[in-house]
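> What follows is a structure written as structure tokens; I'll ask about it next.
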Amino acid sequence: MALHALRSDGAYDVVGLLTTVRQEDGRVGMHGVSRDLIARQAALGLPLTIVEVPAGASNVVYEQCVAAALAPIQAAGVRTIAFGDLFLADIRAYRAQFMERLGFVPIFPVWGRDTRSFIDDFIALGFQAIVVAVDPVRLDPGFAGRVIDPPFVADLPADVDPCGENGEFHSFVFDGPGFSVPVSYKVADRRFDDGLCYRRITAA
């Protein structure tokens, strides 16, 4: 949605995507999505930079890994980095301070959007996502593996953010505006790890 907002605005020329994965298993932290699926998600038609970070890394190590990955991007003339945060002010402040130290201008194209209307817009625009991880303390594990659609939103408890912005759930977008083709996947096993319930997905 942040990328869609940037492209719709037209004020920026988006030249690449960036994400981090755990060095040990090549999966996105908290989501558990493998790097091969992330690469397929880059069917959005943009170059993808994957930053490997050791599991459990300190902020210092994390920042060193990200800084090293951003150095050639900065050398190529990129000066602005966008994030998809919606309302967590402490996380926004951290990202902004970190990027500014590296000489980048951080922007937040969807910041402050009402999350209920935001998820409704997400669905109405034709984006499709599957829930890949759930915090079982905040949400029933049965939500893991469900596709985000109107029935999913209607079934969420009142105290759960409809975008999972407080960490209640994490998702993988597999189709929508900007995708040249949907990402084909298969739903695999359900497992509990590090306090989260994961519904693994694999490339189909």
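A note on labels: chains of the structure tokens are A, B, ... as shown, every chain counts residues from 1, and ligands are counted from 1 in their shown order.
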Residues of chain A in strand (DSSP E) according to DSSP, as a ChimeraX atom specification?

/A:17-22,48-53,80-82,105-107,128-134,169-175,185-193,196-203

> Residues at most 9 Å from Arg138 of chain A, counting only C-alpha atoms, excluding those fewer than 4 positions away in the same chain, as a PDB file with N, CA, C and O atoms, in the first residue's frame?


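Written out: result_6.pdb:
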ATOM      1  N   VAL A 134       0.514 -15.336  13.587  1.00  0.00           N
ATOM      2  CA  VAL A 134      -0.458 -14.776  14.522  1.00  0.00           C
ATOM      3  C   VAL A 134       0.150 -14.792  15.921  1.00  0.00           C
ATOM      4  O   VAL A 134       0.823 -15.768  16.306  1.00  0.00           O
ATOM      5  N   ASP A 159     -10.796  -5.631  19.696  1.00  0.00           N
ATOM      6  CA  ASP A 159      -9.550  -5.060  20.213  1.00  0.00           C
ATOM      7  C   ASP A 159      -8.333  -5.389  19.355  1.00  0.00           C
ATOM      8  O   ASP A 159      -7.197  -5.091  19.723  1.00  0.00           O
ATOM      9  N   VAL A 160      -8.553  -5.992  18.188  1.00  0.00           N
ATOM     10  CA  VAL A 160      -7.457  -6.311  17.263  1.00  0.00           C
ATOM     11  C   VAL A 160      -7.450  -5.303  16.122  1.00  0.00           C
ATOM     12  O   VAL A 160      -8.486  -5.075  15.485  1.00  0.00           O
ATOM     13  N   GLY A 167       1.040  -5.873  15.913  1.00  0.00           N
ATOM     14  CA  GLY A 167       1.698  -7.168  15.934  1.00  0.00           C
ATOM     15  C   GLY A 167       0.764  -8.337  16.144  1.00  0.00           C
ATOM     16  O   GLY A 167       1.212  -9.468  16.365  1.00  0.00           O
ATOM     17  N   GLU A 168      -0.551  -8.105  16.050  1.00  0.00           N
ATOM     18  CA  GLU A 168      -1.512  -9.193  16.257  1.00  0.00           C
ATOM     19  C   GLU A 168      -1.370 -10.279  15.196  1.00  0.00           C
ATOM     20  O   GLU A 168      -1.550 -11.454  15.469  1.00  0.00           O
ATOM     21  N   PHE A 169      -1.074  -9.869  13.964  1.00  0.00           N
ATOM     22  CA  PHE A 169      -0.853 -10.838  12.886  1.00  0.00           C
ATOM     23  C   PHE A 169       0.065 -10.213  11.843  1.00  0.00           C
ATOM     24  O   PHE A 169       0.245  -8.996  11.788  1.00  0.00           O
TER      25      PHE A 169
END

> Record the distance separating atom CA of Glu52 of chain A and atom CA of Gly32 of chain A, expressed in Å with one decimal.

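Atom CA of Gly32 of chain A lies at a distance of 13.8 Å from atom CA of Glu52 of chain A.
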
> Any idea what's packed within 7 Å of segment 62-72 of chain A, counting only C-alpha atoms, ignoring anything in its chain fewer than 5 positions away? Could you give it as a ChimeraX atom specification?

/A:51,53,57

> If you count only C-alpha atoms, which residues fall within 8 Å of Ala204 of chain A, apart from same-chain ones fewer than 2 positions away, as a PyMOL selection string?

chain A and resi 184-186+202

> Could you pull out the residues in segment 8-204 of chain A that DSSP calls alpha helix (DSSP H) from the backbone, as an MDAnalysis selection string?

chainID A and resid 8:9 35:41 59:75 89:102 115:124 150:155

> Can you tell me which residues surround segment 6-10 of chain A at a distance of at most 12 Å, considering only C-alpha atoms, apart from same-chain residues fewer than 2 positions away, and format the answer as a list in words?

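Skipping anything fewer than 2 positions along the chain leaves Met1, Ala2, Leu3, His4, Tyr12, Asp13, Val14, Val15, Leu44, Thr80, Ile81, Ala82, Phe83, Gly84, Ile107, Phe108, Pro109, Val110, Pro177 and Gly178 of chain A.
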
> Tell me, in Å to one decimal, how far atom CA of Met99 of chain A is from atom CA of Leu48 of chain A.

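Between atom CA of Met99 of chain A and atom CA of Leu48 of chain A the gap works out to 18.6 Å.
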
> For atom CA of Phe179 of chain A and atom CA of Val33 of chain A, determine how far apart the two atoms are, in Å to one decimal place.

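Atom CA of Val33 of chain A lies 18.0 Å from atom CA of Phe179 of chain A.
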
> For Val153 of chain A, work out the shell of residues within 12 Å, counting only C-alpha atoms and skipping chain neighbours fewer than 5 positions away, then give it as a list in words.

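Neighbouring residues, sequence-local ones excluded: Thr115, Arg116, Ser117, Phe118, Ile119, Asp120, Phe122, Ile123, Val131, Phe143, Arg146, Val147, Ile148, Ala158, Val160, Asp161, Pro162, Cys163 and Gly164 of chain A.
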
> Now that the selection is made, can you save its residues with N, CA, C and O atoms as a short mmCIF file (atom, residue, chain, number, x, y, z; two decimals), in the first residue's frame?


data_model
loop_
_atom_site.label_atom_id
_atom_site.label_comp_id
_atom_site.auth_asym_id
_atom_site.auth_seq_id
_atom_site.Cartn_x
_atom_site.Cartn_y
_atom_site.Cartn_z
N THR A 115 -6.98 2.72 10.21
CA THR A 115 -6.68 1.36 9.77
C THR A 115 -7.90 0.59 9.28
O THR A 115 -7.76 -0.33 8.47
N ARG A 116 -9.09 0.93 9.75
CA ARG A 116 -10.27 0.23 9.24
C ARG A 116 -10.54 0.62 7.79
O ARG A 116 -10.76 -0.25 6.93
N SER A 117 -10.50 1.91 7.50
CA SER A 117 -10.70 2.32 6.11
C SER A 117 -9.51 1.88 5.24
O SER A 117 -9.67 1.59 4.06
N PHE A 118 -8.34 1.80 5.86
CA PHE A 118 -7.14 1.39 5.13
C PHE A 118 -7.28 -0.06 4.64
O PHE A 118 -6.99 -0.36 3.48
N ILE A 119 -7.71 -0.97 5.53
CA ILE A 119 -7.85 -2.37 5.12
C ILE A 119 -8.99 -2.52 4.12
O ILE A 119 -8.91 -3.34 3.19
N ASP A 120 -10.05 -1.71 4.26
CA ASP A 120 -11.13 -1.75 3.28
C ASP A 120 -10.62 -1.31 1.91
O ASP A 120 -10.98 -1.91 0.88
N PHE A 122 -7.50 -1.51 0.91
CA PHE A 122 -6.60 -2.58 0.48
C PHE A 122 -7.36 -3.65 -0.29
O PHE A 122 -6.95 -4.07 -1.38
N ILE A 123 -8.48 -4.08 0.25
CA ILE A 123 -9.29 -5.12 -0.38
C ILE A 123 -9.95 -4.59 -1.65
O ILE A 123 -9.95 -5.26 -2.69
N VAL A 131 -2.57 -14.50 5.84
CA VAL A 131 -1.98 -14.34 7.16
C VAL A 131 -1.00 -15.49 7.40
O VAL A 131 -1.38 -16.66 7.33
N PHE A 143 -6.71 -17.96 12.83
CA PHE A 143 -6.63 -16.92 11.80
C PHE A 143 -5.40 -17.11 10.92
O PHE A 143 -5.36 -16.56 9.81
N ARG A 146 -5.48 -17.74 6.89
CA ARG A 146 -6.66 -17.16 6.23
C ARG A 146 -6.25 -16.03 5.29
O ARG A 146 -5.28 -15.30 5.52
N VAL A 147 -7.02 -15.87 4.24
CA VAL A 147 -6.83 -14.76 3.31
C VAL A 147 -7.55 -13.54 3.86
O VAL A 147 -8.64 -13.65 4.43
N ILE A 148 -6.93 -12.39 3.72
CA ILE A 148 -7.54 -11.15 4.22
C ILE A 148 -8.61 -10.69 3.23
O ILE A 148 -8.31 -10.27 2.11
N ALA A 158 -12.85 -7.00 18.41
CA ALA A 158 -12.88 -5.53 18.41
C ALA A 158 -11.56 -4.92 18.86
O ALA A 158 -11.22 -3.80 18.46
N VAL A 160 -8.55 -5.99 18.19
CA VAL A 160 -7.46 -6.31 17.26
C VAL A 160 -7.45 -5.30 16.12
O VAL A 160 -8.49 -5.07 15.49
N ASP A 161 -6.30 -4.70 15.88
CA ASP A 161 -6.21 -3.74 14.78
C ASP A 161 -6.44 -4.46 13.46
O ASP A 161 -5.87 -5.52 13.22
N PRO A 162 -7.31 -3.93 12.58
CA PRO A 162 -7.63 -4.63 11.33
C PRO A 162 -6.45 -4.77 10.37
O PRO A 162 -6.51 -5.57 9.43
N CYS A 163 -5.38 -4.01 10.62
CA CYS A 163 -4.17 -4.16 9.81
C CYS A 163 -3.08 -4.91 10.56
O CYS A 163 -1.97 -5.07 10.04
N GLY A 164 -3.38 -5.35 11.78
CA GLY A 164 -2.37 -6.05 12.57
C GLY A 164 -1.20 -5.17 12.95
O GLY A 164 -0.10 -5.66 13.22
#

> Neighbours of segment 87-93 of chain A within 7 Å (only C-alpha atoms; same-chain residues fewer than 2 positions away dropped), as JSON, numbers by chain?

{"A": [85, 95, 96, 97, 111, 112]}

> Can you work out which one of A:Gly77, A:Ala133, A:Leu46, A:Val105 has the shortest atom-to-atom distance to Arg191 of chain A, counting only C-alpha atoms?

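Checking each of A:Gly77, A:Ala133, A:Leu46, A:Val105 against Arg191 of chain A, counting only C-alpha atoms, the winner is A:Ala133.
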